[in-house]
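The next block holds one structure in the form of structure tokens; read it before the comments.
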Amino acid sequence: MSKQYLTVHSVDQAHPTEIFSLAPTPNSIISASGSSALRIHSTTEPTFPLIQTLENAHKLGCHHICTAKGSSGTTAASVGFGGEIKIWKKESPPSEQAGWSLSFEIPAAKASGNNGDVWAVALSEGENYLAATTSDGRIHVWDLAAKEKIQSYETGASSGGGGVNGDSGGGGGSFAMAVDLSRDGKLTASGHENGSVYVFNNEAGRMVYSLSGLFKPVRTVAFSPGCKRLAAAGNAGIIAIYDMQSGEHVSNLTTSTARPAWITSIDWNDTGEYLLSGSLDGKVKVWDVARGVCVATHSETEGGLWAVKWLPKSERALAPGMGKGEMFCAAGANKSLTFYREATGI
């Protein structure tokens, strides 16, 4: 059984360059690109208007930005091509009209531990902790309240999988291209250029799973809302699903295409029933995880997609015509933000 999604609106030329990352909040979406500014668009109005621009956020552009799923959406973290991490806060009370401003910056040398460049980032649900990966295979965890690094995980061959308050192994692992924190805060997952996927127990401070099944670069990883499953995808063009109680590779989500396109972004919906994926062939797909099938495909751009995100369901009324179904956003090489809505619940 397929699902129908309608194209609600497209914000053309949302950025002057390719859009690399998206970060939704309960009433807005933040986008990052190769330009220096971050832009925030409302998601409660039918035209998705621009409501704030953070000028000169990253001088060389920004490749990753994140907010915490299931959170109040008052904290965001972004990484620039210069290697710096910036933490942004929304003014209190967190209304749609409240603006974002810089809370603090983690300089490039401090962010990476003087080895490798920082790449992907993820926030915990409580917005208290930040996980960041590096180009030499490490994953650092930061306490945002204390503004200090509290954990470093090593993935190099000589490492033991973790170290506390330092960089015990000095890196040496494969480029860590993706990271996610489970909503319960217990697990951190990373995806690497050599196809490896690692899962770490944050309470024990050690690696618990080294997952197989993907032999090409892993560009995106995501825990399910209930923290029972982990999805990983990348250049192999398939989405691997792992059980977090056993570490078993339980299924693959894939089409019959002989040479599937690289998958750059995945995201679980709020119930954990569906996965969203975006790929370099410009297609955004919705997958029924239990049935292991693609139930919807949209391909409205010839340019590659770098980011796809479900929008949090709003607790307050949206503008007329926006419906009640689930919504998601896709962005990439065409510099636009395209919004989709489930056809039911109009």
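All residue names refer to the structure tokens as shown: chains lettered A, B, ... in order, residues numbered from 1 in each chain, ligands numbered from 1 in order.
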
Closest-contact table, segment 207-236 of chain A side, partner segment 241-246 of chain A, 10 Å, counting only C-alpha atoms, as CSV:
```
residue,atom,partner,partner_atom,distance
A:Val208,CA,A:Met244,CA,9.7
A:Tyr209,CA,A:Met244,CA,8.8
A:Leu211,CA,A:Tyr242,CA,8.0
A:Ser212,CA,A:Tyr242,CA,9.4
A:Gly213,CA,A:Ile241,CA,9.4
A:Val221,CA,A:Ile241,CA,9.9
A:Ala222,CA,A:Ile241,CA,9.7
A:Phe223,CA,A:Met244,CA,9.1
A:Ser224,CA,A:Met244,CA,9.9
A:Cys227,CA,A:Met244,CA,7.2
A:Lys228,CA,A:Met244,CA,5.2
A:Arg229,CA,A:Asp243,CA,4.9
A:Leu230,CA,A:Tyr242,CA,5.1
A:Ala231,CA,A:Ile241,CA,4.6
A:Ala232,CA,A:Ile241,CA,6.7
A:Ala233,CA,A:Ile241,CA,9.1
```

Could the residues in this selection be written to a file with N, CA, C and O atoms, as a PDB file, in the first residue's frame?
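The result, written out as again.pdb:
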```
ATOM      1  N   VAL A 208      29.910  -0.759  22.197  1.00  0.00           N
ATOM      2  CA  VAL A 208      29.133  -1.983  22.442  1.00  0.00           C
ATOM      3  C   VAL A 208      28.874  -2.771  21.167  1.00  0.00           C
ATOM      4  O   VAL A 208      28.713  -3.988  21.213  1.00  0.00           O
ATOM      5  N   TYR A 209      28.844  -2.096  20.011  1.00  0.00           N
ATOM      6  CA  TYR A 209      28.619  -2.805  18.757  1.00  0.00           C
ATOM      7  C   TYR A 209      29.503  -2.234  17.654  1.00  0.00           C
ATOM      8  O   TYR A 209      29.659  -1.015  17.532  1.00  0.00           O
ATOM      9  N   LEU A 211      29.080  -2.742  13.778  1.00  0.00           N
ATOM     10  CA  LEU A 211      28.036  -3.316  12.940  1.00  0.00           C
ATOM     11  C   LEU A 211      28.494  -3.521  11.502  1.00  0.00           C
ATOM     12  O   LEU A 211      29.171  -2.665  10.919  1.00  0.00           O
ATOM     13  N   SER A 212      28.124  -4.643  10.944  1.00  0.00           N
ATOM     14  CA  SER A 212      28.489  -4.976   9.570  1.00  0.00           C
ATOM     15  C   SER A 212      27.302  -4.761   8.643  1.00  0.00           C
ATOM     16  O   SER A 212      26.202  -4.457   9.082  1.00  0.00           O
ATOM     17  N   GLY A 213      27.562  -4.930   7.345  1.00  0.00           N
ATOM     18  CA  GLY A 213      26.478  -4.870   6.378  1.00  0.00           C
ATOM     19  C   GLY A 213      26.633  -3.787   5.333  1.00  0.00           C
ATOM     20  O   GLY A 213      26.059  -3.866   4.256  1.00  0.00           O
ATOM     21  N   VAL A 221      23.314   8.253   9.886  1.00  0.00           N
ATOM     22  CA  VAL A 221      22.823   7.258  10.848  1.00  0.00           C
ATOM     23  C   VAL A 221      21.719   7.904  11.678  1.00  0.00           C
ATOM     24  O   VAL A 221      21.743   9.115  11.918  1.00  0.00           O
ATOM     25  N   ALA A 222      20.754   7.091  12.110  1.00  0.00           N
ATOM     26  CA  ALA A 222      19.641   7.644  12.880  1.00  0.00           C
ATOM     27  C   ALA A 222      19.008   6.571  13.762  1.00  0.00           C
ATOM     28  O   ALA A 222      18.663   5.488  13.280  1.00  0.00           O
ATOM     29  N   PHE A 223      18.848   6.877  15.052  1.00  0.00           N
ATOM     30  CA  PHE A 223      18.142   6.004  15.988  1.00  0.00           C
ATOM     31  C   PHE A 223      16.639   6.209  15.833  1.00  0.00           C
ATOM     32  O   PHE A 223      16.172   7.333  15.609  1.00  0.00           O
ATOM     33  N   SER A 224      15.878   5.121  15.994  1.00  0.00           N
ATOM     34  CA  SER A 224      14.425   5.228  15.998  1.00  0.00           C
ATOM     35  C   SER A 224      13.978   5.941  17.268  1.00  0.00           C
ATOM     36  O   SER A 224      14.716   5.981  18.262  1.00  0.00           O
ATOM     37  N   CYS A 227      14.403   4.030  20.347  1.00  0.00           N
ATOM     38  CA  CYS A 227      15.796   3.610  20.563  1.00  0.00           C
ATOM     39  C   CYS A 227      16.011   2.108  20.378  1.00  0.00           C
ATOM     40  O   CYS A 227      17.027   1.562  20.823  1.00  0.00           O
ATOM     41  N   LYS A 228      15.058   1.425  19.723  1.00  0.00           N
ATOM     42  CA  LYS A 228      15.188  -0.014  19.518  1.00  0.00           C
ATOM     43  C   LYS A 228      15.874  -0.361  18.206  1.00  0.00           C
ATOM     44  O   LYS A 228      16.354  -1.482  18.024  1.00  0.00           O
ATOM     45  N   ARG A 229      15.901   0.577  17.277  1.00  0.00           N
ATOM     46  CA  ARG A 229      16.495   0.340  15.971  1.00  0.00           C
ATOM     47  C   ARG A 229      17.467   1.472  15.617  1.00  0.00           C
ATOM     48  O   ARG A 229      17.334   2.599  16.073  1.00  0.00           O
ATOM     49  N   LEU A 230      18.454   1.118  14.796  1.00  0.00           N
ATOM     50  CA  LEU A 230      19.359   2.102  14.218  1.00  0.00           C
ATOM     51  C   LEU A 230      19.339   1.919  12.717  1.00  0.00           C
ATOM     52  O   LEU A 230      19.455   0.793  12.219  1.00  0.00           O
ATOM     53  N   ALA A 231      19.194   3.007  11.987  1.00  0.00           N
ATOM     54  CA  ALA A 231      19.253   2.969  10.531  1.00  0.00           C
ATOM     55  C   ALA A 231      20.545   3.637  10.077  1.00  0.00           C
ATOM     56  O   ALA A 231      20.985   4.630  10.661  1.00  0.00           O
ATOM     57  N   ALA A 232      21.170   3.081   9.036  1.00  0.00           N
ATOM     58  CA  ALA A 232      22.410   3.629   8.496  1.00  0.00           C
ATOM     59  C   ALA A 232      22.376   3.523   6.975  1.00  0.00           C
ATOM     60  O   ALA A 232      21.872   2.542   6.425  1.00  0.00           O
ATOM     61  N   ALA A 233      22.922   4.541   6.293  1.00  0.00           N
ATOM     62  CA  ALA A 233      22.899   4.534   4.828  1.00  0.00           C
ATOM     63  C   ALA A 233      24.028   5.406   4.286  1.00  0.00           C
ATOM     64  O   ALA A 233      24.629   6.192   5.008  1.00  0.00           O
TER      65      ALA A 233
END
```

Q: Would you kindly return, as a VMD selection string, each protein, DNA or RNA residue with an atom no farther than 9 Å from any atom of Leu130 of chain A, considering only C-alpha atoms and excluding same-chain residues fewer than 4 positions away?
A: chain A and resid 77 121 to 124 140 to 144 181

Those in segment 109-288 of chain A with alpha helix (DSSP H) from DSSP, as a compact mmCIF listing (two decimals) with N, CA and C atoms, in the first residue's frame:
```txt
# COMPACT_ATOMS: atom_id res chain seq x y z
N ALA A 109 40.33 24.18 16.87
CA ALA A 109 41.36 23.36 17.52
C ALA A 109 40.80 22.65 18.75
N LYS A 110 39.97 23.34 19.52
CA LYS A 110 39.39 22.74 20.72
C LYS A 110 38.32 21.72 20.35
N ALA A 111 37.55 22.00 19.31
CA ALA A 111 36.46 21.11 18.91
C ALA A 111 36.98 19.75 18.47
N SER A 112 38.11 19.74 17.76
CA SER A 112 38.63 18.50 17.20
C SER A 112 39.70 17.85 18.07
```

Q: Write out as a list in words which residues come within 8 Å of Ser135 of chain A when counting only C-alpha atoms, dropping same-chain ones fewer than 4 positions away.
A: Gly116, Asp117, Val118, Trp119, Ser174, Phe175, Ala176 and Met177 of chain A

Could you save those same residues with N, CA, C and O atoms as a PDB file, in the first residue's frame?
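After the write, again-v2.pdb holds the following:
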```
ATOM      1  N   GLY A 116      42.490  16.145  13.270  1.00  0.00           N
ATOM      2  CA  GLY A 116      41.336  15.956  12.404  1.00  0.00           C
ATOM      3  C   GLY A 116      40.416  17.157  12.435  1.00  0.00           C
ATOM      4  O   GLY A 116      40.554  18.065  13.246  1.00  0.00           O
ATOM      5  N   ASP A 117      39.465  17.178  11.519  1.00  0.00           N
ATOM      6  CA  ASP A 117      38.479  18.249  11.444  1.00  0.00           C
ATOM      7  C   ASP A 117      37.135  17.747  11.946  1.00  0.00           C
ATOM      8  O   ASP A 117      36.757  16.602  11.696  1.00  0.00           O
ATOM      9  N   VAL A 118      36.391  18.600  12.632  1.00  0.00           N
ATOM     10  CA  VAL A 118      35.051  18.237  13.079  1.00  0.00           C
ATOM     11  C   VAL A 118      34.127  18.166  11.872  1.00  0.00           C
ATOM     12  O   VAL A 118      34.212  18.985  10.948  1.00  0.00           O
ATOM     13  N   TRP A 119      33.230  17.181  11.857  1.00  0.00           N
ATOM     14  CA  TRP A 119      32.327  17.021  10.726  1.00  0.00           C
ATOM     15  C   TRP A 119      30.865  17.016  11.185  1.00  0.00           C
ATOM     16  O   TRP A 119      30.244  18.060  11.223  1.00  0.00           O
ATOM     17  N   SER A 174      38.792   5.643  10.601  1.00  0.00           N
ATOM     18  CA  SER A 174      38.231   6.094   9.335  1.00  0.00           C
ATOM     19  C   SER A 174      37.350   7.326   9.566  1.00  0.00           C
ATOM     20  O   SER A 174      36.683   7.454  10.596  1.00  0.00           O
ATOM     21  N   PHE A 175      37.360   8.231   8.603  1.00  0.00           N
ATOM     22  CA  PHE A 175      36.574   9.466   8.641  1.00  0.00           C
ATOM     23  C   PHE A 175      35.166   9.167   9.166  1.00  0.00           C
ATOM     24  O   PHE A 175      34.431   8.376   8.598  1.00  0.00           O
ATOM     25  N   ALA A 176      34.790   9.830  10.271  1.00  0.00           N
ATOM     26  CA  ALA A 176      33.457   9.660  10.860  1.00  0.00           C
ATOM     27  C   ALA A 176      32.514  10.662  10.206  1.00  0.00           C
ATOM     28  O   ALA A 176      32.510  11.845  10.544  1.00  0.00           O
ATOM     29  N   MET A 177      31.698  10.183   9.265  1.00  0.00           N
ATOM     30  CA  MET A 177      30.883  11.059   8.436  1.00  0.00           C
ATOM     31  C   MET A 177      29.505  11.342   9.012  1.00  0.00           C
ATOM     32  O   MET A 177      28.819  12.263   8.549  1.00  0.00           O
TER      33      MET A 177
END
```

**Q.** Long-range neighbours of segment 264-279 of chain A as a ChimeraX atom specification, 6 Å cut-off, only C-alpha atoms, 2 positions minimum in chain
**A.** /A:219-220,224-225,234,262,281-289,305-309

Mind writing the picked residues with C-alpha atoms as a PDB file, in the first residue's frame?
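The resulting file, again.pdb, is shown below:
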```pdb
ATOM      1  CA  ARG A 219      26.847   9.235   5.292  1.00  0.00           C
ATOM      2  CA  THR A 220      23.928   9.153   7.714  1.00  0.00           C
ATOM      3  CA  SER A 224      14.425   5.228  15.998  1.00  0.00           C
ATOM      4  CA  PRO A 225      12.290   7.243  18.464  1.00  0.00           C
ATOM      5  CA  GLY A 234      25.339   6.018   2.346  1.00  0.00           C
ATOM      6  CA  TRP A 262      24.054   7.449  -2.812  1.00  0.00           C
ATOM      7  CA  ASP A 281      19.593  11.451  -7.775  1.00  0.00           C
ATOM      8  CA  GLY A 282      17.237  14.098  -6.371  1.00  0.00           C
ATOM      9  CA  LYS A 283      14.680  11.593  -5.055  1.00  0.00           C
ATOM     10  CA  VAL A 284      13.104  11.699  -1.634  1.00  0.00           C
ATOM     11  CA  LYS A 285      11.515   8.439  -0.496  1.00  0.00           C
ATOM     12  CA  VAL A 286       9.259   7.357   2.358  1.00  0.00           C
ATOM     13  CA  TRP A 287       9.839   3.800   3.610  1.00  0.00           C
ATOM     14  CA  ASP A 288       7.528   1.545   5.609  1.00  0.00           C
ATOM     15  CA  VAL A 289      10.092   0.000   7.958  1.00  0.00           C
ATOM     16  CA  LEU A 305      19.502  16.155  -2.142  1.00  0.00           C
ATOM     17  CA  TRP A 306      21.730  16.693   0.887  1.00  0.00           C
ATOM     18  CA  ALA A 307      19.119  16.871   3.646  1.00  0.00           C
ATOM     19  CA  VAL A 308      15.609  15.561   4.380  1.00  0.00           C
ATOM     20  CA  LYS A 309      13.727  16.047   7.645  1.00  0.00           C
TER      21      LYS A 309
END
```

(Q) At a cut-off of 12 Å, using only C-alpha atoms, what residues contact segment 50-59 of chain A? Leave out same-chain residues fewer than 6 positions from it and give the result as a PyMOL selection string. (A) chain A and resi 11-15+27-44+65+77-90+96-105+107-108+337

Keeping only N, CA and C atoms, write the selected residues as a compact mmCIF listing (two decimals), in the first residue's frame.
```txt
# COMPACT_ATOMS: atom_id res chain seq x y z
N VAL A 11 10.29 27.00 -1.44
CA VAL A 11 10.95 28.29 -1.26
C VAL A 11 12.16 28.31 -2.18
N ASP A 12 12.01 28.93 -3.33
CA ASP A 12 13.09 28.96 -4.32
C ASP A 12 14.20 29.90 -3.88
N GLN A 13 15.44 29.51 -4.22
CA GLN A 13 16.60 30.33 -3.88
C GLN A 13 16.61 30.69 -2.40
N ALA A 14 16.36 29.70 -1.57
CA ALA A 14 16.37 29.93 -0.12
C ALA A 14 17.76 30.31 0.35
N HIS A 15 18.79 29.84 -0.37
CA HIS A 15 20.18 30.21 -0.12
C HIS A 15 20.84 30.48 -1.47
N ASN A 27 8.21 24.97 15.33
CA ASN A 27 7.51 25.94 14.48
C ASN A 27 8.38 26.58 13.40
N SER A 28 9.57 26.01 13.16
CA SER A 28 10.44 26.59 12.13
C SER A 28 11.43 25.55 11.63
N ILE A 29 12.19 25.91 10.61
CA ILE A 29 13.26 25.04 10.14
C ILE A 29 14.47 25.93 9.84
N ILE A 30 15.64 25.48 10.32
CA ILE A 30 16.89 26.20 10.11
C ILE A 30 17.64 25.50 8.98
N SER A 31 18.18 26.27 8.06
CA SER A 31 18.91 25.68 6.94
C SER A 31 20.32 26.26 6.86
N ALA A 32 21.25 25.41 6.42
CA ALA A 32 22.66 25.79 6.32
C ALA A 32 23.17 25.45 4.93
N SER A 33 24.10 26.26 4.44
CA SER A 33 24.59 26.08 3.07
C SER A 33 26.06 26.48 2.97
N GLY A 34 26.54 26.55 1.74
CA GLY A 34 27.90 26.97 1.50
C GLY A 34 28.11 28.45 1.71
N SER A 35 27.04 29.21 1.89
CA SER A 35 27.15 30.63 2.20
C SER A 35 27.34 30.82 3.69
N SER A 36 27.66 32.01 4.12
CA SER A 36 28.03 32.26 5.51
C SER A 36 26.83 32.38 6.46
N ALA A 37 25.64 32.56 5.93
CA ALA A 37 24.46 32.80 6.77
C ALA A 37 23.64 31.54 7.01
N LEU A 38 23.04 31.45 8.20
CA LEU A 38 22.01 30.46 8.50
C LEU A 38 20.66 31.15 8.34
N ARG A 39 19.68 30.42 7.84
CA ARG A 39 18.36 31.04 7.62
C ARG A 39 17.28 30.21 8.30
N ILE A 40 16.30 30.92 8.87
CA ILE A 40 15.21 30.28 9.60
C ILE A 40 13.89 30.63 8.91
N HIS A 41 13.13 29.61 8.53
CA HIS A 41 11.82 29.79 7.91
C HIS A 41 10.73 29.26 8.83
N SER A 42 9.63 29.96 8.87
CA SER A 42 8.47 29.50 9.64
C SER A 42 7.88 28.26 8.98
N THR A 43 7.40 27.31 9.80
CA THR A 43 6.72 26.13 9.27
C THR A 43 5.24 26.11 9.69
N THR A 44 4.72 27.25 10.13
CA THR A 44 3.31 27.33 10.54
C THR A 44 2.49 28.21 9.60
N ILE A 65 24.08 21.28 10.58
CA ILE A 65 23.36 21.95 11.66
C ILE A 65 22.37 20.96 12.23
N ALA A 77 23.04 23.45 17.03
CA ALA A 77 24.50 23.40 16.91
C ALA A 77 24.85 23.33 15.44
N SER A 78 25.84 24.11 15.03
CA SER A 78 26.25 24.14 13.63
C SER A 78 27.76 24.00 13.52
N VAL A 79 28.22 23.44 12.40
CA VAL A 79 29.65 23.25 12.15
C VAL A 79 30.01 23.92 10.83
N GLY A 80 31.03 24.78 10.87
CA GLY A 80 31.45 25.48 9.67
C GLY A 80 32.58 24.75 8.97
N PHE A 81 32.82 25.12 7.72
CA PHE A 81 33.92 24.53 6.96
C PHE A 81 35.28 24.93 7.53
N GLY A 82 35.30 25.89 8.45
CA GLY A 82 36.53 26.24 9.13
C GLY A 82 36.81 25.36 10.33
N GLY A 83 35.88 24.45 10.66
CA GLY A 83 36.07 23.51 11.75
C GLY A 83 35.50 23.94 13.08
N GLU A 84 34.93 25.13 13.14
CA GLU A 84 34.37 25.63 14.39
C GLU A 84 32.95 25.12 14.62
N ILE A 85 32.59 24.92 15.90
CA ILE A 85 31.23 24.56 16.29
C ILE A 85 30.61 25.77 16.97
N LYS A 86 29.38 26.09 16.59
CA LYS A 86 28.68 27.20 17.24
C LYS A 86 27.36 26.69 17.83
N ILE A 87 27.10 27.12 19.06
CA ILE A 87 25.87 26.75 19.77
C ILE A 87 24.95 27.97 19.77
N TRP A 88 23.73 27.75 19.29
CA TRP A 88 22.75 28.83 19.17
C TRP A 88 21.61 28.60 20.14
N LYS A 89 21.07 29.68 20.69
CA LYS A 89 19.95 29.59 21.63
C LYS A 89 18.81 30.49 21.15
N LYS A 90 17.60 29.98 21.38
CA LYS A 90 16.42 30.78 21.06
C LYS A 90 15.98 31.55 22.29
N GLU A 96 7.36 31.65 18.25
CA GLU A 96 7.83 31.72 16.87
C GLU A 96 8.53 33.06 16.61
N GLN A 97 8.07 34.11 17.30
CA GLN A 97 8.63 35.43 17.08
C GLN A 97 9.99 35.60 17.77
N ALA A 98 10.27 34.74 18.75
CA ALA A 98 11.55 34.86 19.46
C ALA A 98 12.70 34.56 18.51
N GLY A 99 13.79 35.30 18.64
CA GLY A 99 14.90 35.16 17.73
C GLY A 99 15.99 34.25 18.26
N TRP A 100 16.89 33.84 17.35
CA TRP A 100 18.04 33.03 17.69
C TRP A 100 19.27 33.91 17.80
N SER A 101 20.16 33.55 18.71
CA SER A 101 21.42 34.27 18.86
C SER A 101 22.51 33.29 19.29
N LEU A 102 23.76 33.69 19.07
CA LEU A 102 24.89 32.84 19.40
C LEU A 102 25.05 32.74 20.91
N SER A 103 25.13 31.49 21.41
CA SER A 103 25.37 31.27 22.84
C SER A 103 26.87 31.21 23.12
N PHE A 104 27.57 30.32 22.42
CA PHE A 104 29.02 30.26 22.52
C PHE A 104 29.60 29.48 21.35
N GLU A 105 30.91 29.58 21.19
CA GLU A 105 31.61 28.92 20.09
C GLU A 105 32.69 28.01 20.64
N PRO A 107 36.07 26.72 19.34
CA PRO A 107 37.01 26.93 18.23
C PRO A 107 37.44 25.62 17.59
N ALA A 108 37.91 25.70 16.37
CA ALA A 108 38.26 24.51 15.60
C ALA A 108 39.25 23.61 16.32
N LEU A 337 14.05 25.05 -0.63
CA LEU A 337 13.42 24.25 0.40
C LEU A 337 12.08 23.78 -0.14
```

Q | Met327 of chain A surroundings by only C-alpha atoms, 6 Å radius, close-in-sequence under 4 positions cut, as a list in words | A |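 Surrounding residues, per the criterion: Trp310, Leu311, Tyr340 and Arg341 of chain A.
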
Would you output that residue set with C-alpha atoms, as a JSON list (two decimals), in the first residue's frame?
```json
[["chain", "number", "residue", "atom", "x", "y", "z"],
["A", 310, "TRP", "CA", 10.29, 15.32, 9.05],
["A", 311, "LEU", "CA", 8.72, 18.36, 10.67],
["A", 340, "TYR", "CA", 5.55, 18.01, 1.47],
["A", 341, "ARG", "CA", 2.39, 17.04, 3.34]]
```

Q.
Considering only strand (DSSP E) as DSSP defines it on the backbone, what residues of segment 41-196 of chain A qualify? List them as number ranges by chain.
A. A: 41-42, 50-54, 62-66, 75-80, 85-90, 100-106, 118-123, 129-134, 139-143, 148-153, 176-181, 187-192

Q: Find the residues around Gly185 of chain A up to 10 Å (only C-alpha atoms counted), leave out those fewer than 2 positions away in its own chain, and share them as a PyMOL selection string.
A: chain A and resi 123-126+128-129+181-183+187-188+201-203+227

Could you turn the residues from that selection into a file that holds all heavy atoms, as a tab-separated table (two decimals), in the first residue's frame?
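Produced file result15.tsv, reproduced below:
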```
chain	number	residue	atom	x	y	z
A	123	LEU	N	22.54	16.47	18.79
A	123	LEU	CA	22.17	16.92	20.13
A	123	LEU	C	21.30	15.89	20.83
A	123	LEU	O	20.48	15.21	20.19
A	123	LEU	CB	21.40	18.24	20.06
A	123	LEU	CG	22.20	19.53	19.87
A	123	LEU	CD1	21.26	20.67	19.48
A	123	LEU	CD2	22.96	19.88	21.13
A	124	SER	N	21.46	15.78	22.15
A	124	SER	CA	20.59	14.90	22.94
A	124	SER	C	19.22	15.54	23.07
A	124	SER	O	19.06	16.75	22.91
A	124	SER	CB	21.19	14.67	24.33
A	124	SER	OG	21.25	15.89	25.05
A	125	GLU	N	18.21	14.72	23.39
A	125	GLU	CA	16.83	15.21	23.47
A	125	GLU	C	16.69	16.34	24.48
A	125	GLU	O	15.94	17.29	24.26
A	125	GLU	CB	15.88	14.07	23.83
A	125	GLU	CG	14.41	14.48	23.82
A	125	GLU	CD	13.47	13.32	24.10
A	125	GLU	OE1	13.92	12.35	24.73
A	125	GLU	OE2	12.30	13.39	23.69
A	126	GLY	N	17.41	16.26	25.57
A	126	GLY	CA	17.33	17.31	26.59
A	126	GLY	C	18.13	18.55	26.27
A	126	GLY	O	18.17	19.50	27.05
A	128	ASN	N	21.22	18.92	26.34
A	128	ASN	CA	22.32	19.09	27.30
A	128	ASN	C	23.66	18.63	26.76
A	128	ASN	O	24.71	19.10	27.22
A	128	ASN	CB	22.02	18.31	28.59
A	128	ASN	CG	20.76	18.77	29.26
A	128	ASN	OD1	20.50	19.95	29.36
A	128	ASN	ND2	19.95	17.81	29.73
A	129	TYR	N	23.63	17.70	25.80
A	129	TYR	CA	24.86	17.09	25.31
A	129	TYR	C	24.95	17.17	23.79
A	129	TYR	O	23.94	17.07	23.09
A	129	TYR	CB	24.96	15.64	25.77
A	129	TYR	CG	24.94	15.48	27.27
A	129	TYR	CD1	23.77	15.13	27.93
A	129	TYR	CD2	26.09	15.74	28.03
A	129	TYR	CE1	23.74	15.02	29.31
A	129	TYR	CE2	26.06	15.63	29.41
A	129	TYR	CZ	24.88	15.27	30.05
A	129	TYR	OH	24.86	15.18	31.42
A	181	LEU	N	22.61	10.61	18.47
A	181	LEU	CA	22.42	10.27	19.88
A	181	LEU	C	21.01	9.73	20.04
A	181	LEU	O	20.05	10.30	19.51
A	181	LEU	CB	22.59	11.51	20.77
A	181	LEU	CG	24.01	12.00	21.01
A	181	LEU	CD1	23.99	13.42	21.57
A	181	LEU	CD2	24.73	11.09	21.98
A	182	SER	N	20.86	8.61	20.76
A	182	SER	CA	19.52	8.06	21.01
A	182	SER	C	18.74	9.02	21.90
A	182	SER	O	19.31	9.77	22.69
A	182	SER	CB	19.61	6.68	21.65
A	182	SER	OG	20.24	6.76	22.92
A	183	ARG	N	17.41	8.99	21.77
A	183	ARG	CA	16.59	9.94	22.53
A	183	ARG	C	16.70	9.73	24.03
A	183	ARG	O	16.57	10.67	24.81
A	183	ARG	CB	15.12	9.82	22.10
A	183	ARG	CG	14.86	10.37	20.71
A	183	ARG	CD	13.40	10.74	20.55
A	183	ARG	NE	13.09	11.10	19.18
A	183	ARG	CZ	11.92	11.57	18.79
A	183	ARG	NH1	10.94	11.73	19.67
A	183	ARG	NH2	11.70	11.89	17.53
A	187	LEU	N	22.86	5.90	24.09
A	187	LEU	CA	23.70	5.41	23.00
A	187	LEU	C	24.14	6.51	22.05
A	187	LEU	O	23.39	7.46	21.80
A	187	LEU	CB	22.97	4.33	22.21
A	187	LEU	CG	22.50	3.08	22.97
A	187	LEU	CD1	21.66	2.20	22.07
A	187	LEU	CD2	23.70	2.30	23.52
A	188	THR	N	25.34	6.37	21.51
A	188	THR	CA	25.85	7.21	20.43
A	188	THR	C	26.22	6.30	19.28
A	188	THR	O	26.84	5.25	19.49
A	188	THR	CB	27.10	7.99	20.87
A	188	THR	OG1	26.76	8.88	21.94
A	188	THR	CG2	27.67	8.81	19.72
A	201	ASN	N	28.03	2.89	24.31
A	201	ASN	CA	27.20	3.06	25.50
A	201	ASN	C	27.73	4.27	26.26
A	201	ASN	O	28.87	4.26	26.74
A	201	ASN	CB	27.25	1.80	26.37
A	201	ASN	CG	26.35	1.90	27.58
A	201	ASN	OD1	26.46	2.81	28.39
A	201	ASN	ND2	25.44	0.93	27.72
A	202	ASN	N	26.93	5.31	26.38
A	202	ASN	CA	27.41	6.54	27.00
A	202	ASN	C	27.59	6.42	28.50
A	202	ASN	O	28.45	7.10	29.08
A	202	ASN	CB	26.43	7.68	26.68
A	202	ASN	CG	26.38	8.00	25.20
A	202	ASN	OD1	27.38	7.87	24.50
A	202	ASN	ND2	25.23	8.39	24.72
A	203	GLU	N	26.81	5.56	29.14
A	203	GLU	CA	26.94	5.39	30.59
A	203	GLU	C	28.22	4.62	30.93
A	203	GLU	O	28.93	4.96	31.88
A	203	GLU	CB	25.71	4.68	31.15
A	203	GLU	CG	24.43	5.51	31.01
A	203	GLU	CD	23.19	4.74	31.45
A	203	GLU	OE1	23.29	3.49	31.56
A	203	GLU	OE2	22.15	5.36	31.67
A	227	CYS	N	14.40	4.03	20.35
A	227	CYS	CA	15.80	3.61	20.56
A	227	CYS	C	16.01	2.11	20.38
A	227	CYS	O	17.03	1.56	20.82
A	227	CYS	CB	16.29	4.03	21.95
A	227	CYS	SG	15.96	5.76	22.36
```

Q. Mind pulling up the distance from atom CA of Ala343 of chain A to atom CA of Pro26 of chain A?
A.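 Those two atoms sit 20.6 Å apart.
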